[in-house]
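Dumped final33.txt below, it's compact mmCIF, C-alpha atoms and all ligand atoms:
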```txt
# COMPACT_ATOMS: atom_id res chain seq x y z
CA MET A 29 94.92 115.41 92.37
CA ILE A 30 97.83 113.51 90.83
CA LEU A 31 99.38 112.23 94.05
CA ALA A 32 96.53 110.69 95.96
CA SER A 33 98.38 109.67 99.13
CA PRO A 34 101.51 110.20 101.27
CA TYR A 35 102.66 106.87 99.80
CA GLN A 36 102.44 108.13 96.20
CA GLN A 37 104.21 111.31 97.32
CA SER A 38 107.17 109.26 98.50
CA VAL A 39 107.26 107.21 95.27
CA ALA A 40 107.20 110.42 93.20
CA GLU A 41 110.01 111.90 95.30
CA TYR A 42 112.09 108.76 94.80
CA TRP A 43 111.77 108.93 91.00
CA ASN A 44 112.20 112.71 90.86
CA ARG A 45 115.57 112.39 92.62
CA GLU A 46 116.69 109.20 90.88
CA LYS A 47 119.95 109.58 88.90
CA ASP A 48 121.34 106.10 89.34
CA PRO A 49 124.27 105.28 87.02
CA VAL A 50 122.71 101.85 86.45
CA ASN A 51 119.94 103.68 84.59
CA ILE A 52 121.70 106.75 83.16
CA ARG A 53 124.95 105.17 81.96
CA LEU A 54 123.09 102.28 80.33
CA GLY A 55 120.66 104.65 78.62
CA ASP A 56 123.55 106.77 77.34
CA VAL A 57 124.71 103.76 75.28
CA ASP A 58 122.13 104.52 72.57
CA GLY A 59 119.75 107.13 74.02
CA THR A 60 116.97 104.74 75.11
CA TYR A 61 116.53 104.91 78.89
CA HIS A 62 115.10 101.91 80.76
CA HIS A 63 114.13 101.43 84.39
CA HIS A 64 113.68 97.71 84.27
CA TYR A 65 115.80 94.57 84.28
CA GLY A 66 117.23 92.43 81.49
CA ILE A 67 116.57 88.98 80.03
CA GLY A 68 118.59 86.53 77.96
CA ALA A 69 122.04 84.95 77.93
CA VAL A 70 125.11 87.11 78.55
CA ASP A 71 127.58 87.16 75.65
CA PRO A 72 130.70 85.60 77.26
CA SER A 73 133.06 87.64 75.04
CA VAL A 74 132.09 90.71 77.10
CA LEU A 75 134.15 89.40 80.02
CA GLU A 76 137.15 88.66 77.82
CA GLY A 77 139.22 91.20 75.88
CA PRO A 78 141.17 94.21 77.15
CA GLU A 79 140.70 95.14 80.81
CA GLU A 80 140.61 98.91 80.04
CA THR A 81 137.40 98.60 78.01
CA ARG A 82 135.75 95.81 80.02
CA GLU A 83 133.53 98.16 82.03
CA GLN A 84 132.11 99.75 78.88
CA ARG A 85 131.42 96.30 77.40
CA VAL A 86 129.56 95.22 80.56
CA ILE A 87 127.44 98.40 80.55
CA ALA A 88 126.56 97.91 76.87
CA GLU A 89 125.71 94.24 77.47
CA MET A 90 123.39 95.02 80.41
CA HIS A 91 121.67 97.64 78.24
CA ARG A 92 121.26 95.09 75.43
CA LEU A 93 119.54 92.68 77.86
CA GLU A 94 117.21 95.43 79.17
CA THR A 95 116.30 96.35 75.60
CA ALA A 96 115.62 92.65 74.91
CA GLN A 97 113.18 92.68 77.83
CA ALA A 98 111.22 95.61 76.32
CA THR A 99 111.30 93.96 72.88
CA PHE A 100 109.75 90.83 74.39
CA LEU A 101 107.01 92.88 76.05
CA ILE A 102 106.23 94.63 72.75
CA ASP A 103 106.20 91.26 70.92
CA ASN A 104 103.31 90.31 73.21
CA LEU A 105 101.18 93.38 72.43
CA GLY A 106 99.93 91.80 69.18
CA GLU A 107 99.43 93.91 66.06
CA VAL A 108 98.69 97.58 66.70
CA PRO A 109 97.62 99.64 63.66
CA THR A 110 99.45 102.88 62.84
CA SER A 111 96.19 104.68 63.61
CA GLY A 112 96.00 102.97 67.04
CA ARG A 113 96.82 104.31 70.49
CA VAL A 114 98.69 102.57 73.29
CA LEU A 115 99.33 103.44 76.95
CA ASP A 116 102.63 102.96 78.82
CA ALA A 117 101.48 102.97 82.45
CA GLY A 118 104.36 103.98 84.74
CA CYS A 119 106.60 104.92 81.80
CA GLY A 120 109.81 106.01 83.55
CA ARG A 121 112.09 107.89 81.12
CA GLY A 122 110.09 106.54 78.19
CA GLY A 123 112.31 103.76 76.78
CA THR A 124 109.53 101.23 76.10
CA SER A 125 107.21 103.99 74.78
CA PHE A 126 109.72 104.95 72.06
CA MET A 127 110.38 101.34 71.13
CA ALA A 128 106.63 100.66 70.74
CA HIS A 129 106.26 103.73 68.54
CA GLU A 130 109.17 102.55 66.38
CA ARG A 131 107.56 99.12 66.04
CA PHE A 132 103.99 100.14 65.23
CA GLY A 133 104.07 103.83 64.29
CA CYS A 134 101.08 104.21 66.62
CA GLY A 135 100.28 107.02 69.06
CA VAL A 136 101.72 106.46 72.54
CA ASP A 137 100.76 108.02 75.86
CA GLY A 138 103.25 107.50 78.68
CA VAL A 139 102.20 108.32 82.25
CA THR A 140 104.30 108.70 85.39
CA ILE A 141 103.90 110.50 88.70
CA SER A 142 107.45 111.90 88.44
CA GLU A 143 107.73 115.41 87.01
CA SER A 144 111.41 114.99 86.21
CA GLN A 145 110.65 111.83 84.21
CA VAL A 146 107.93 113.62 82.21
CA ALA A 147 110.39 116.44 81.42
CA PHE A 148 113.18 114.03 80.47
CA ALA A 149 110.98 111.82 78.24
CA THR A 150 109.30 114.82 76.58
CA GLU A 151 112.70 116.26 75.72
CA GLN A 152 113.64 112.90 74.23
CA ALA A 153 110.46 112.87 72.13
CA GLU A 154 111.29 116.31 70.76
CA ARG A 155 114.86 115.32 70.01
CA ARG A 156 113.60 112.22 68.19
CA GLY A 157 111.07 114.27 66.23
CA VAL A 158 108.09 112.22 67.49
CA ALA A 159 106.62 114.63 70.05
CA GLU A 160 103.30 114.76 68.16
CA ARG A 161 102.86 110.98 68.45
CA VAL A 162 104.59 110.05 71.71
CA ARG A 163 103.36 112.14 74.61
CA PHE A 164 104.24 112.01 78.29
CA HIS A 165 101.87 113.05 81.05
CA LEU A 166 102.20 113.77 84.77
CA THR A 167 99.27 111.52 85.53
CA ASN A 168 98.31 108.86 88.04
CA MET A 169 97.75 105.58 86.20
CA LEU A 170 94.96 104.68 88.62
CA ASP A 171 92.92 107.67 87.53
CA THR A 172 94.10 108.94 84.15
CA GLY A 173 91.00 110.81 82.99
CA PHE A 174 91.83 109.54 79.47
CA GLU A 175 89.12 108.54 77.01
CA THR A 176 87.21 105.30 77.69
CA GLY A 177 87.86 102.45 75.23
CA ALA A 178 90.42 104.48 73.26
CA TYR A 179 93.44 102.16 73.64
CA GLN A 180 94.36 99.08 71.59
CA ALA A 181 97.01 98.11 74.12
CA VAL A 182 98.08 99.02 77.65
CA TRP A 183 101.16 97.80 79.48
CA ASN A 184 102.99 98.05 82.78
CA ASN A 185 106.71 97.43 82.49
CA GLU A 186 107.76 96.87 86.12
CA SER A 187 105.36 99.39 87.56
CA THR A 188 102.52 97.30 89.05
CA MET A 189 104.27 96.90 92.42
CA TYR A 190 103.50 100.55 93.25
CA VAL A 191 99.73 100.23 93.19
CA ASN A 192 96.72 98.24 94.30
CA LEU A 193 95.97 95.77 91.47
CA ASP A 194 92.19 96.05 91.61
CA ASP A 195 92.36 99.83 91.23
CA LEU A 196 94.88 99.47 88.39
CA PHE A 197 93.01 96.84 86.39
CA ALA A 198 89.68 98.65 86.79
CA GLU A 199 91.25 101.69 85.10
CA HIS A 200 93.04 99.64 82.41
CA SER A 201 89.83 97.80 81.63
CA ARG A 202 88.03 101.11 81.21
CA LEU A 203 90.72 102.47 78.86
CA LEU A 204 91.09 99.38 76.66
CA ALA A 205 88.95 98.81 73.60
CA ARG A 206 87.15 95.47 73.60
CA GLY A 207 89.62 92.91 72.21
CA GLY A 208 92.53 95.13 73.27
CA ARG A 209 95.64 93.66 74.85
CA TYR A 210 97.13 94.16 78.30
CA VAL A 211 100.71 93.09 79.08
CA THR A 212 102.78 93.30 82.23
CA ILE A 213 106.32 92.23 83.05
CA THR A 214 106.78 92.13 86.80
CA GLY A 215 108.48 90.49 89.71
CA CYS A 216 105.98 88.75 91.97
CA TYR A 217 106.27 86.57 95.02
CA ASN A 218 105.56 82.90 94.77
CA ASP A 219 102.48 82.34 96.94
CA THR A 220 103.23 78.62 97.19
CA TYR A 221 105.40 79.65 100.14
CA GLY A 222 102.87 81.95 101.80
CA LEU A 223 103.99 85.56 102.26
CA PRO A 224 107.05 87.41 100.85
CA SER A 225 110.44 85.94 101.84
CA ARG A 226 113.10 88.02 103.62
CA ALA A 227 114.84 88.75 100.28
CA VAL A 228 111.55 89.94 98.72
CA SER A 229 110.97 92.18 101.76
CA GLU A 230 114.42 93.71 101.18
CA ILE A 231 113.40 94.52 97.58
CA ASN A 232 110.18 96.14 98.83
CA ALA A 233 112.09 98.32 101.29
CA ARG A 234 114.72 99.35 98.72
CA TYR A 235 112.19 100.58 96.15
CA ILE A 236 109.31 101.69 98.45
CA CYS A 237 107.10 99.19 96.66
CA SER A 238 104.98 96.18 97.50
CA VAL A 239 105.57 93.16 95.30
CA HIS A 240 102.27 91.33 94.77
CA ALA A 241 101.59 87.61 94.91
CA ARG A 242 101.51 85.75 91.60
CA GLY A 243 97.93 84.59 92.24
CA SER A 244 96.74 88.16 92.90
CA TYR A 245 97.58 89.16 89.33
CA LEU A 246 95.51 86.43 87.77
CA ARG A 247 92.54 86.80 90.13
CA SER A 248 92.45 90.57 89.76
CA MET A 249 92.71 90.49 85.95
CA LEU A 250 89.83 88.04 85.69
CA ALA A 251 87.74 90.22 87.99
CA HIS A 252 88.24 93.16 85.59
CA ARG A 253 87.47 91.58 82.20
CA LEU A 254 91.13 90.94 81.44
CA VAL A 255 91.45 87.26 80.47
CA PRO A 256 95.06 85.97 80.64
CA ILE A 257 96.22 84.44 77.36
CA SER A 258 99.83 83.79 78.30
CA VAL A 259 101.98 83.61 81.38
CA VAL A 260 105.71 83.31 80.72
CA ASP A 261 108.11 82.61 83.56
CA LEU A 262 111.21 84.72 82.81
CA THR A 263 112.98 83.91 86.10
CA ALA A 264 115.69 81.72 84.54
CA ALA A 265 116.12 84.26 81.72
CA THR A 266 116.76 87.19 84.08
CA ILE A 267 119.31 85.51 86.41
CA PRO A 268 122.29 85.99 84.01
CA TYR A 269 121.54 89.74 83.91
CA TRP A 270 121.63 89.91 87.73
CA GLU A 271 124.84 87.87 87.89
CA LEU A 272 126.50 90.26 85.45
CA ARG A 273 125.14 93.32 87.25
CA ALA A 274 126.34 92.05 90.65
CA THR A 275 129.95 92.15 89.42
CA SER A 276 129.61 95.45 87.51
CA SER A 277 130.70 98.96 88.49
CA VAL A 278 127.05 100.10 88.56
CA ALA A 279 125.79 97.53 91.10
CA THR A 280 123.48 99.25 93.61
CA GLY A 281 123.65 96.75 96.47
CA ILE A 282 120.24 95.10 95.88
CA GLU A 283 121.67 92.44 93.53
CA ASP A 284 122.11 89.72 96.20
CA SER A 285 118.47 90.08 97.32
CA PHE A 286 117.24 89.53 93.75
CA LEU A 287 119.59 86.59 93.15
CA THR A 288 118.67 84.94 96.47
CA ALA A 289 114.93 85.38 95.90
CA TYR A 290 115.05 84.10 92.30
CA ARG A 291 117.25 81.14 93.18
CA ASP A 292 115.28 79.99 96.22
CA GLY A 293 112.01 80.10 94.25
CA SER A 294 110.29 82.71 96.46
CA PHE A 295 110.27 85.35 93.70
CA GLN A 296 109.43 85.04 90.00
CA TYR A 297 109.88 87.33 87.02
CA LEU A 298 106.76 86.96 84.86
CA LEU A 299 105.22 88.26 81.67
CA ILE A 300 101.43 88.11 81.76
CA ALA A 301 99.38 89.02 78.68
CA ALA A 302 95.59 89.32 78.74
CA ASP A 303 92.76 90.16 76.34
CA ARG A 304 90.13 92.72 77.28
CA VAL A 305 86.78 90.99 76.80
N1 LIG B 401 108.13 101.29 82.75
C1 LIG B 401 109.36 102.05 82.87
C2 LIG B 401 109.64 102.52 84.31
C3 LIG B 401 109.56 101.50 85.43
S1 LIG B 401 109.95 102.21 87.02
C4 LIG B 401 110.50 101.25 82.31
O1 LIG B 401 110.34 100.06 82.04
O2 LIG B 401 111.57 101.82 82.06
C5 LIG B 401 108.35 102.49 87.75
C6 LIG B 401 107.59 103.68 87.21
O3 LIG B 401 106.27 103.64 87.74
C7 LIG B 401 108.15 105.04 87.54
O4 LIG B 401 108.17 105.82 86.36
C8 LIG B 401 107.11 105.63 88.51
O5 LIG B 401 106.97 107.05 88.45
C9 LIG B 401 105.86 104.97 87.98
N2 LIG B 401 104.70 104.98 88.90
C10 LIG B 401 104.63 104.51 90.16
N3 LIG B 401 103.39 104.71 90.66
C11 LIG B 401 102.66 105.31 89.68
C12 LIG B 401 101.30 105.77 89.58
N4 LIG B 401 100.44 105.63 90.58
N5 LIG B 401 100.92 106.33 88.39
C13 LIG B 401 101.78 106.48 87.37
N6 LIG B 401 103.07 106.07 87.41
C14 LIG B 401 103.50 105.49 88.55
```

Would you mind writing the structure in this file as structure tokens?
Amino acid sequence: MILASPYQQSVAEYWNREKDPVNIRLGDVDGTYHHHYGIGAVDPSVLEGPEETREQRVIAEMHRLETAQATFLIDNLGEVPTSGRVLDAGCGRGGTSFMAHERFGCGVDGVTISESQVAFATEQAERRGVAERVRFHLTNMLDTGFETGAYQAVWNNESTMYVNLDDLFAEHSRLLARGGRYVTITGCYNDTYGLPSRAVSEINARYICSVHARGSYLRSMLAHRLVPISVVDLTAATIPYWELRATSSVATGIEDSFLTAYRDGSFQYLLIAADRV
């Protein structure tokens, strides 16, 4: 069974229905569709220049920052041979999967519990002529049924907040070859302050997710033979993206919750990379 609970049913329904301009219009810029946030400085020239074309410049700039986020994740995967295989766990419309294939030429499996995302990403793979090498599956990442030890790298790009971490890392650990690399980029709450702040709770309600504590990631990885080799705090690097998005035509209304939570220190945007031992 792909959807193992009423909870997963509601997550799948959310993503099956999702047609948010903040995702579609940005993806239309160059045909790579992301469902994650951006990092890096905003080019100030975007806000200058003719008013009539300002909106298009802002959209293109937000897309550039989201692509920079995926590039940074892929930079942390290490070297993957052309003959290797990698897994994009919670792949959305496939943006990071295609970028990883372009970088390494390796085989990519993307999994999502949304049928409409599988259809969209598969159509993209055909259009790009890579359907043999980049495949999308309607599959639960907690229980993929894929071959044990077959993957050189596995990542979650903003998809860990939909699952129990121990279940997730047990499955990743099974799929990864020894010496393989795991990478996640995720928002997590800062457990220095106890439980999630009000702004983090607003994010959870908006996306039907449950942001985990920073410490839970590290404890759960270690418990599943995934030894962290780097933790990069991207909080300061993602704030300019949110500031730009808050003033854009594609703002969804959640921007203030993210900005409040990042600024008051209760929420952090992290990259964590780990080696499978
Ligand atoms: N990684 C993508 C999409 C992030 S959005 C990107 O960066 O663009 C979160 C994704 O997680 C959605 O595609 C959703 O369907 C997927 N997801 C949530 N729970 C899942 C589960 N149990 N198994 C597989 N995918 C899941």

Surroundings of ligand LIG 401 (chain B) up to 9 Å, based on all atoms listed in the file, as a PyMOL selection string: chain A and resi 30-32+36+39-44+51+61-65+94+97-98+116-125+138-143+145-146+166-172+183-191+196+213+237

Atom CA of Ser294 of chain A to atom CA of Tyr235 of chain A, straight-line distance in Å: 18.0 Å

Residue with smallest distance to Gly177 of chain A - pool A:Thr95, A:Thr110, A:Ser201, A:Thr220, counting all atoms listed in the file: A:Ser201

Minimum-distance residue to Ala233 of chain A, chosen among A:Ile282, A:Val211, A:Ala205, A:Ala302 (using only C-alpha atoms):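 Of all the options, A:Ile282 lies closest to Ala233 of chain A.
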
Non-local contacts of Val114 of chain A (10 Å; only C-alpha atoms; under 3 positions in same chain excluded) as a VMD selection string: chain A and resid 105 108 117 125 128 to 129 132 134 to 138 162 178 to 183 203 to 204 208 to 210
